[in-house]
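Step one of this worksheet: look at the structure below.
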Amino acid sequence: MSDDRHARGFRRLWAGQSISQFGDRISELALPLIAVGALDASVTEVSALTAMVWGPNLLAVFLGAWVDQRRSKRRLMVVADLVRAAALLTVPAAALAGALTLVQLYAVAVVTGAAGVLFNTAYPSYFAELVPQSAYITANSRLSASRSASFVAGPAVGGGLVQLLTAPFAVLVDAVSFVGSAVLIGRTAVEEAEPGPAGPSMPARARLGLAFIVRHPVLRASLGTCTTVNLFTFVGYSLTVLLASRILGLSAGAIGLAFGVGATGSLLAALVAPAVSRRLGVGPTIALGAVLFPASMALTAVAGGPFWARTGALAAAQFLGGIGVMWFDINLNSLQASVIPDDMRSRVSGAFNTVNYGIRPLGALLGGVLGTTLGVRTALMVAAVGGTLCVLWLLPSPILRIRSLDDVAKPVAPEPAPAPVG
C-alpha cells in the first residue's frame, strides 16, 4: 500500500473479511443441517433454502443503482453486516424457545442474502477508495487467500462446532463474525467520492449501468466470460459429488479430503497470483485461469481404477480448478476495478452480478437435465468443454493485450442523457 493510513485501513478490511469468511463456512454447514436434522426438511426444501440465499442477486441491478447515489458506502457495508448478524441471531434464539421453523430459516436466508447483495454492491467503491490502483492485485490476492483458507479449515471447524454446540448455536459464531466485520470496517474511514447528480430514476440508472457494461469492451468480455464459466461450472457442481459418491464409490471422508486438497490449491494460487501476473501479464493470466478452472472437471469425468486413482483424480481436479479460479478472479476483479468510473461502481457491480450470479441456478438445473439424459460422466465432460469456451469472449477483446493495470486508461463515466424539456 502506498501510505500508512491506507495500509492500516486495508488491514482492517482484510481482517474483517477473513473473520466473516470463516463464519460463513460454519453457517453454510449449520443451516442445511438444521433444516435436515431438526426440521426434517425434504431435498426440495433444502434446495429451496439455497435458492433463497442466491435469489436476492436478481435484484442487484436495481440495488446497485440505489447504492451509487448514497454518500457513504462504508456505512452501508456496516449496516449490511449488522443486519446479517441480527438475522442469524434469531436462529439460536428460536431454537432456545423451541419455536424454530423452516419458514424462519427461509426468512433468514432471504434477509442474509439481500444484505449480502447490499454489501457486495457497496464494496467496489469502498475498495477503490481504500486501495490504490497499483495495489489492486496484491490486495485481492490477500483477500482471496483468506477466503481460500476458510475453505480449507472452515468446514472442519464448523463440523466440530456443530457437534459441540449443536447446529442452531453454531450459527452464533457466524453472527459474531459479522459483528466483528462491522466493527473493523466502521473504524476504517476513507475519503469517499461524492455521488454524481441525482439524474434519472433508479430504473434508468440501472439500465445505464447495464448499458455501460455492454458498450465497454473489457466489461462486456468479462461478463460474457464469467457468465459462461458460471453456467458450466454449476452444471459440474451439481454432478461432481453425485459422480464421486455413486459412480466412483468414494466415502464422504474421501470426498471431503479431495475437496480439502482443492482448497489448498486455491490458497497457494492466491498467494502467488501477484507474481504470476507480473510474469505472464494480467490478461494472459485471466485467460489461463478461465480455461484451467472448468477444464479441470474433465479429470473427474474420466476418473476410474483403484481407490487411490479415483480419489487422486477428484483431488487433482479440485486442486487445478482452485488454482484456475483464483488466478481468474483476482486478476479480473482487479482489472474491473481499474476500468469502472468511481460514480458508477455500485450500479455496474449490481448489473454484473444480476447476470453473473443469476445464471448459477440455471446451470444447476441444466446439470440435472444433462446428467439424466446423457449420463453423469458425459454431462460432466460437456461442462468441462463448455466452460473452456468462455475464452472465446476474451479473444477479440483488449483483455489479452493488457500486461499490467498501468496499461489501463483512467475510466471516464459516460455523459447522462439530457432530461426531457417541459
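Just remember, in the C-alpha cells the first chain shown is A, the second B, etc., residues are 1-based per chain, and ligands are 1-based in the order shown.
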
What are the DSSP alpha helix (DSSP H) residues of range 113-266 of chain A, as a ChimeraX atom specification? /A:113-130,136-165,167-186,202-215,217-242,252-266

Determine, for each residue of range 210-278 of chain A having at least one atom at most 12 Å from an atom of range 334-341 of chain A, the closest pair of atoms and their separation in Å to one decimal, counting only C-alpha atoms; order by chain and ascending number, as CSV.
```
residue,atom,partner,partner_atom,distance
A:Phe212,CA,A:Ile340,CA,9.1
A:Ile213,CA,A:Ile340,CA,9.2
A:His216,CA,A:Val339,CA,9.0
A:Pro217,CA,A:Val339,CA,10.2
A:Val218,CA,A:Gln336,CA,7.8
A:Leu219,CA,A:Gln336,CA,6.9
A:Arg220,CA,A:Gln336,CA,10.6
A:Ala221,CA,A:Gln336,CA,10.9
A:Ser222,CA,A:Gln336,CA,8.2
A:Leu223,CA,A:Gln336,CA,10.3
A:Ala273,CA,A:Ser334,CA,11.6
A:Pro274,CA,A:Ser334,CA,10.9
A:Ser277,CA,A:Ser334,CA,11.1
```

So, counting only C-alpha atoms, which residue among A:Gly265, A:Pro361, A:Gly283, A:Gly350 is closest to Ser148 in chain A?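 Going through A:Gly265, A:Pro361, A:Gly283, A:Gly350 one by one, the smallest distance to Ser148 in chain A is for A:Gly265.
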
Can you measure CA of Val171 in chain A to CA of Pro56 in chain A for me? One decimal in Å is fine.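 That distance, rounded to one decimal, is 21.1 Å.
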
Contacts of Val108 in chain A at 10 Å (only C-alpha atoms; same-chain gap of 3+ positions) as a compact mmCIF listing (two decimals) with C-alpha atoms, in the first residue's frame:
```txt
# COMPACT_ATOMS: atom_id res chain seq x y z
CA LEU A 31 -28.21 -24.10 8.24
CA LEU A 49 -33.13 -22.82 1.17
CA MET A 52 -33.36 -18.18 -1.34
CA VAL A 53 -29.83 -17.16 -0.41
CA ARG A 84 -26.90 -10.33 8.74
CA ALA A 86 -29.26 -9.88 13.66
CA ALA A 87 -30.97 -12.31 11.25
CA LEU A 88 -28.64 -15.15 12.21
CA LEU A 89 -29.11 -14.47 15.93
CA THR A 90 -32.80 -15.27 15.58
CA VAL A 91 -31.92 -18.90 14.82
CA LEU A 102 -38.48 -23.93 8.24
CA VAL A 103 -40.29 -20.69 7.34
CA GLN A 104 -37.98 -18.82 9.70
CA LEU A 105 -34.92 -20.40 8.07
CA VAL A 111 -32.56 -11.43 4.64
CA THR A 112 -28.92 -12.51 4.81
CA GLY A 113 -28.85 -12.92 1.02
CA ALA A 114 -30.29 -9.43 0.47
```

Closest of A:Ile359, A:Val179, A:Leu314, A:Leu400 to Leu257 in chain A, counting only C-alpha atoms, is A:Leu314

Which of these residues is nearest to Leu267 in chain A, using only C-alpha atoms: A:Asp342, A:Leu130, A:Gly322, A:Thr101? A:Gly322

Residues within 10 Å of Ala263 in chain A, only C-alpha atoms, excluding chain neighbours under 2 positions, as a PDB file with all heavy atoms, in the first residue's frame:
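Saved result, result.pdb, follows:
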```
ATOM      1  N   ARG A 147     -10.096 -16.167   1.923  1.00  0.00           N
ATOM      2  CA  ARG A 147     -11.280 -16.924   1.536  1.00  0.00           C
ATOM      3  C   ARG A 147     -10.921 -18.386   1.287  1.00  0.00           C
ATOM      4  O   ARG A 147     -11.629 -19.302   1.719  1.00  0.00           O
ATOM      5  CB  ARG A 147     -11.900 -16.310   0.282  1.00  0.00           C
ATOM      6  CG  ARG A 147     -13.182 -16.985  -0.170  1.00  0.00           C
ATOM      7  CD  ARG A 147     -13.852 -16.189  -1.302  1.00  0.00           C
ATOM      8  NE  ARG A 147     -15.102 -16.800  -1.695  1.00  0.00           N
ATOM      9  CZ  ARG A 147     -15.220 -17.734  -2.622  1.00  0.00           C
ATOM     10  NH1 ARG A 147     -14.136 -18.166  -3.257  1.00  0.00           N
ATOM     11  NH2 ARG A 147     -16.393 -18.241  -2.932  1.00  0.00           N
ATOM     12  N   SER A 148      -9.799 -18.619   0.610  1.00  0.00           N
ATOM     13  CA  SER A 148      -9.370 -19.992   0.341  1.00  0.00           C
ATOM     14  C   SER A 148      -9.039 -20.715   1.637  1.00  0.00           C
ATOM     15  O   SER A 148      -9.380 -21.885   1.811  1.00  0.00           O
ATOM     16  CB  SER A 148      -8.153 -19.986  -0.586  1.00  0.00           C
ATOM     17  OG  SER A 148      -8.454 -19.389  -1.828  1.00  0.00           O
ATOM     18  N   ALA A 149      -8.365 -20.022   2.556  1.00  0.00           N
ATOM     19  CA  ALA A 149      -8.032 -20.630   3.842  1.00  0.00           C
ATOM     20  C   ALA A 149      -9.292 -21.020   4.610  1.00  0.00           C
ATOM     21  O   ALA A 149      -9.332 -22.046   5.297  1.00  0.00           O
ATOM     22  CB  ALA A 149      -7.186 -19.667   4.673  1.00  0.00           C
ATOM     23  N   SER A 150     -10.350 -20.209   4.462  1.00  0.00           N
ATOM     24  CA  SER A 150     -11.606 -20.536   5.152  1.00  0.00           C
ATOM     25  C   SER A 150     -12.203 -21.830   4.607  1.00  0.00           C
ATOM     26  O   SER A 150     -12.851 -22.583   5.347  1.00  0.00           O
ATOM     27  CB  SER A 150     -12.608 -19.386   5.017  1.00  0.00           C
ATOM     28  OG  SER A 150     -13.214 -19.346   3.728  1.00  0.00           O
ATOM     29  N   PHE A 151     -11.986 -22.109   3.310  1.00  0.00           N
ATOM     30  CA  PHE A 151     -12.499 -23.350   2.743  1.00  0.00           C
ATOM     31  C   PHE A 151     -11.648 -24.547   3.142  1.00  0.00           C
ATOM     32  O   PHE A 151     -12.117 -25.683   3.114  1.00  0.00           O
ATOM     33  CB  PHE A 151     -12.574 -23.249   1.215  1.00  0.00           C
ATOM     34  CG  PHE A 151     -13.792 -22.533   0.721  1.00  0.00           C
ATOM     35  CD1 PHE A 151     -13.723 -21.216   0.308  1.00  0.00           C
ATOM     36  CD2 PHE A 151     -15.021 -23.167   0.681  1.00  0.00           C
ATOM     37  CE1 PHE A 151     -14.847 -20.545  -0.148  1.00  0.00           C
ATOM     38  CE2 PHE A 151     -16.160 -22.507   0.234  1.00  0.00           C
ATOM     39  CZ  PHE A 151     -16.067 -21.195  -0.175  1.00  0.00           C
ATOM     40  N   VAL A 152     -10.369 -24.309   3.497  1.00  0.00           N
ATOM     41  CA  VAL A 152      -9.515 -25.396   3.973  1.00  0.00           C
ATOM     42  C   VAL A 152      -9.908 -25.792   5.394  1.00  0.00           C
ATOM     43  O   VAL A 152     -10.142 -26.964   5.706  1.00  0.00           O
ATOM     44  CB  VAL A 152      -8.028 -24.992   3.923  1.00  0.00           C
ATOM     45  CG1 VAL A 152      -7.150 -26.080   4.541  1.00  0.00           C
ATOM     46  CG2 VAL A 152      -7.595 -24.732   2.486  1.00  0.00           C
ATOM     47  N   ALA A 153      -9.972 -24.799   6.288  1.00  0.00           N
ATOM     48  CA  ALA A 153     -10.193 -25.088   7.706  1.00  0.00           C
ATOM     49  C   ALA A 153     -11.638 -24.912   8.147  1.00  0.00           C
ATOM     50  O   ALA A 153     -12.063 -25.533   9.124  1.00  0.00           O
ATOM     51  CB  ALA A 153      -9.296 -24.178   8.553  1.00  0.00           C
ATOM     52  N   LEU A 257     -11.830 -35.076   1.840  1.00  0.00           N
ATOM     53  CA  LEU A 257     -10.384 -34.916   1.729  1.00  0.00           C
ATOM     54  C   LEU A 257     -10.007 -34.326   0.375  1.00  0.00           C
ATOM     55  O   LEU A 257      -9.165 -33.427   0.283  1.00  0.00           O
ATOM     56  CB  LEU A 257      -9.693 -36.271   1.917  1.00  0.00           C
ATOM     57  CG  LEU A 257      -8.171 -36.286   1.738  1.00  0.00           C
ATOM     58  CD1 LEU A 257      -7.509 -35.404   2.785  1.00  0.00           C
ATOM     59  CD2 LEU A 257      -7.645 -37.723   1.826  1.00  0.00           C
ATOM     60  N   ALA A 258     -10.653 -34.819  -0.685  1.00  0.00           N
ATOM     61  CA  ALA A 258     -10.363 -34.315  -2.032  1.00  0.00           C
ATOM     62  C   ALA A 258     -10.713 -32.831  -2.150  1.00  0.00           C
ATOM     63  O   ALA A 258      -9.955 -32.047  -2.725  1.00  0.00           O
ATOM     64  CB  ALA A 258     -11.138 -35.121  -3.071  1.00  0.00           C
ATOM     65  N   PHE A 259     -11.845 -32.442  -1.595  1.00  0.00           N
ATOM     66  CA  PHE A 259     -12.224 -31.037  -1.642  1.00  0.00           C
ATOM     67  C   PHE A 259     -11.291 -30.178  -0.778  1.00  0.00           C
ATOM     68  O   PHE A 259     -11.019 -29.021  -1.111  1.00  0.00           O
ATOM     69  CB  PHE A 259     -13.673 -30.858  -1.204  1.00  0.00           C
ATOM     70  CG  PHE A 259     -14.659 -31.117  -2.306  1.00  0.00           C
ATOM     71  CD1 PHE A 259     -15.087 -32.406  -2.589  1.00  0.00           C
ATOM     72  CD2 PHE A 259     -15.152 -30.081  -3.065  1.00  0.00           C
ATOM     73  CE1 PHE A 259     -15.982 -32.654  -3.619  1.00  0.00           C
ATOM     74  CE2 PHE A 259     -16.059 -30.312  -4.102  1.00  0.00           C
ATOM     75  CZ  PHE A 259     -16.472 -31.611  -4.377  1.00  0.00           C
ATOM     76  N   GLY A 260     -10.800 -30.737   0.313  1.00  0.00           N
ATOM     77  CA  GLY A 260      -9.829 -30.014   1.132  1.00  0.00           C
ATOM     78  C   GLY A 260      -8.531 -29.770   0.386  1.00  0.00           C
ATOM     79  O   GLY A 260      -7.937 -28.687   0.464  1.00  0.00           O
ATOM     80  N   VAL A 261      -8.080 -30.788  -0.363  1.00  0.00           N
ATOM     81  CA  VAL A 261      -6.888 -30.629  -1.196  1.00  0.00           C
ATOM     82  C   VAL A 261      -7.125 -29.533  -2.237  1.00  0.00           C
ATOM     83  O   VAL A 261      -6.250 -28.709  -2.520  1.00  0.00           O
ATOM     84  CB  VAL A 261      -6.518 -31.954  -1.878  1.00  0.00           C
ATOM     85  CG1 VAL A 261      -5.444 -31.753  -2.942  1.00  0.00           C
ATOM     86  CG2 VAL A 261      -6.033 -32.968  -0.844  1.00  0.00           C
ATOM     87  N   GLY A 265      -5.143 -25.762  -3.180  1.00  0.00           N
ATOM     88  CA  GLY A 265      -4.766 -25.226  -4.487  1.00  0.00           C
ATOM     89  C   GLY A 265      -5.182 -23.772  -4.613  1.00  0.00           C
ATOM     90  O   GLY A 265      -4.421 -22.927  -5.109  1.00  0.00           O
ATOM     91  N   SER A 266      -6.396 -23.469  -4.168  1.00  0.00           N
ATOM     92  CA  SER A 266      -6.877 -22.082  -4.200  1.00  0.00           C
ATOM     93  C   SER A 266      -5.999 -21.182  -3.340  1.00  0.00           C
ATOM     94  O   SER A 266      -5.650 -20.062  -3.731  1.00  0.00           O
ATOM     95  CB  SER A 266      -8.324 -22.014  -3.700  1.00  0.00           C
ATOM     96  OG  SER A 266      -9.183 -22.786  -4.500  1.00  0.00           O
ATOM     97  N   LEU A 267      -5.648 -21.669  -2.170  1.00  0.00           N
ATOM     98  CA  LEU A 267      -4.841 -20.869  -1.246  1.00  0.00           C
ATOM     99  C   LEU A 267      -3.461 -20.577  -1.832  1.00  0.00           C
ATOM    100  O   LEU A 267      -2.990 -19.430  -1.834  1.00  0.00           O
ATOM    101  CB  LEU A 267      -4.713 -21.602   0.092  1.00  0.00           C
ATOM    102  CG  LEU A 267      -3.848 -20.936   1.160  1.00  0.00           C
ATOM    103  CD1 LEU A 267      -4.372 -19.549   1.492  1.00  0.00           C
ATOM    104  CD2 LEU A 267      -3.797 -21.805   2.420  1.00  0.00           C
ATOM    105  N   LEU A 268      -2.815 -21.595  -2.362  1.00  0.00           N
ATOM    106  CA  LEU A 268      -1.486 -21.406  -2.948  1.00  0.00           C
ATOM    107  C   LEU A 268      -1.549 -20.462  -4.147  1.00  0.00           C
ATOM    108  O   LEU A 268      -0.692 -19.593  -4.315  1.00  0.00           O
ATOM    109  CB  LEU A 268      -0.901 -22.757  -3.365  1.00  0.00           C
ATOM    110  CG  LEU A 268      -0.532 -23.717  -2.228  1.00  0.00           C
ATOM    111  CD1 LEU A 268      -0.130 -25.074  -2.785  1.00  0.00           C
ATOM    112  CD2 LEU A 268       0.613 -23.133  -1.399  1.00  0.00           C
ATOM    113  N   ALA A 269      -2.580 -20.642  -4.986  1.00  0.00           N
ATOM    114  CA  ALA A 269      -2.714 -19.797  -6.176  1.00  0.00           C
ATOM    115  C   ALA A 269      -2.940 -18.346  -5.792  1.00  0.00           C
ATOM    116  O   ALA A 269      -2.425 -17.429  -6.450  1.00  0.00           O
ATOM    117  CB  ALA A 269      -3.864 -20.298  -7.043  1.00  0.00           C
ATOM    118  N   ALA A 315      -9.190 -35.249  -6.333  1.00  0.00           N
ATOM    119  CA  ALA A 315      -8.372 -34.256  -5.640  1.00  0.00           C
ATOM    120  C   ALA A 315      -7.617 -33.373  -6.636  1.00  0.00           C
ATOM    121  O   ALA A 315      -7.541 -32.152  -6.466  1.00  0.00           O
ATOM    122  CB  ALA A 315      -7.389 -34.948  -4.700  1.00  0.00           C
ATOM    123  N   GLN A 318      -9.957 -30.839  -8.224  1.00  0.00           N
ATOM    124  CA  GLN A 318     -10.270 -29.744  -7.312  1.00  0.00           C
ATOM    125  C   GLN A 318      -9.067 -28.819  -7.131  1.00  0.00           C
ATOM    126  O   GLN A 318      -9.218 -27.594  -7.066  1.00  0.00           O
ATOM    127  CB  GLN A 318     -10.703 -30.302  -5.945  1.00  0.00           C
ATOM    128  CG  GLN A 318     -11.974 -31.127  -5.988  1.00  0.00           C
ATOM    129  CD  GLN A 318     -13.165 -30.323  -6.479  1.00  0.00           C
ATOM    130  OE1 GLN A 318     -13.383 -29.202  -6.034  1.00  0.00           O
ATOM    131  NE2 GLN A 318     -13.928 -30.880  -7.388  1.00  0.00           N
ATOM    132  N   PHE A 319      -7.874 -29.403  -7.077  1.00  0.00           N
ATOM    133  CA  PHE A 319      -6.656 -28.613  -6.897  1.00  0.00           C
ATOM    134  C   PHE A 319      -6.419 -27.693  -8.092  1.00  0.00           C
ATOM    135  O   PHE A 319      -6.200 -26.486  -7.940  1.00  0.00           O
ATOM    136  CB  PHE A 319      -5.462 -29.554  -6.704  1.00  0.00           C
ATOM    137  CG  PHE A 319      -4.176 -28.863  -6.368  1.00  0.00           C
ATOM    138  CD1 PHE A 319      -3.867 -28.547  -5.059  1.00  0.00           C
ATOM    139  CD2 PHE A 319      -3.265 -28.539  -7.363  1.00  0.00           C
ATOM    140  CE1 PHE A 319      -2.676 -27.907  -4.738  1.00  0.00           C
ATOM    141  CE2 PHE A 319      -2.079 -27.900  -7.061  1.00  0.00           C
ATOM    142  CZ  PHE A 319      -1.779 -27.583  -5.747  1.00  0.00           C
ATOM    143  N   LEU A 320      -6.483 -28.250  -9.306  1.00  0.00           N
ATOM    144  CA  LEU A 320      -6.257 -27.456 -10.515  1.00  0.00           C
ATOM    145  C   LEU A 320      -7.372 -26.431 -10.717  1.00  0.00           C
ATOM    146  O   LEU A 320      -7.122 -25.295 -11.126  1.00  0.00           O
ATOM    147  CB  LEU A 320      -6.143 -28.367 -11.731  1.00  0.00           C
ATOM    148  CG  LEU A 320      -4.914 -29.279 -11.770  1.00  0.00           C
ATOM    149  CD1 LEU A 320      -4.999 -30.239 -12.950  1.00  0.00           C
ATOM    150  CD2 LEU A 320      -3.635 -28.456 -11.847  1.00  0.00           C
ATOM    151  N   GLY A 321      -8.609 -26.838 -10.444  1.00  0.00           N
ATOM    152  CA  GLY A 321      -9.716 -25.895 -10.544  1.00  0.00           C
ATOM    153  C   GLY A 321      -9.561 -24.743  -9.564  1.00  0.00           C
ATOM    154  O   GLY A 321      -9.876 -23.594  -9.884  1.00  0.00           O
ATOM    155  N   GLY A 322      -9.064 -25.045  -8.357  1.00  0.00           N
ATOM    156  CA  GLY A 322      -8.833 -23.997  -7.370  1.00  0.00           C
ATOM    157  C   GLY A 322      -7.779 -23.003  -7.823  1.00  0.00           C
ATOM    158  O   GLY A 322      -7.912 -21.800  -7.612  1.00  0.00           O
ATOM    159  N   ILE A 323      -6.725 -23.506  -8.447  1.00  0.00           N
ATOM    160  CA  ILE A 323      -5.698 -22.614  -8.995  1.00  0.00           C
ATOM    161  C   ILE A 323      -6.304 -21.721 -10.076  1.00  0.00           C
ATOM    162  O   ILE A 323      -6.114 -20.503 -10.090  1.00  0.00           O
ATOM    163  CB  ILE A 323      -4.526 -23.436  -9.571  1.00  0.00           C
ATOM    164  CG1 ILE A 323      -3.766 -24.138  -8.446  1.00  0.00           C
ATOM    165  CG2 ILE A 323      -3.575 -22.537 -10.375  1.00  0.00           C
ATOM    166  CD1 ILE A 323      -2.683 -25.082  -8.929  1.00  0.00           C
TER     167      ILE A 323
END
```

Please indicate the distance in Å from CA of Phe119 in chain A to CA of Met77 in chain A, rounded to one decimal place. 4.8 Å

Find the distance between CA of Phe328 in chain A and CA of Ala383 in chain A and write it in Å to one decimal. 17.7 Å

My list of candidates is A:Gly37, A:Gly55, A:Gly371, A:Pro124. Which is closest to Thr240 in chain A when distances are computed with only C-alpha atoms?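 The closest residue to Thr240 in chain A is A:Gly371.
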
Nearby residues (only C-alpha atoms) at most 6 Å from range 7-24 of chain A, same-chain spacing under 5 positions excluded, as number ranges by chain: A: 1, 146-147, 150, 154, 174, 177-178, 181, 184-185, 188
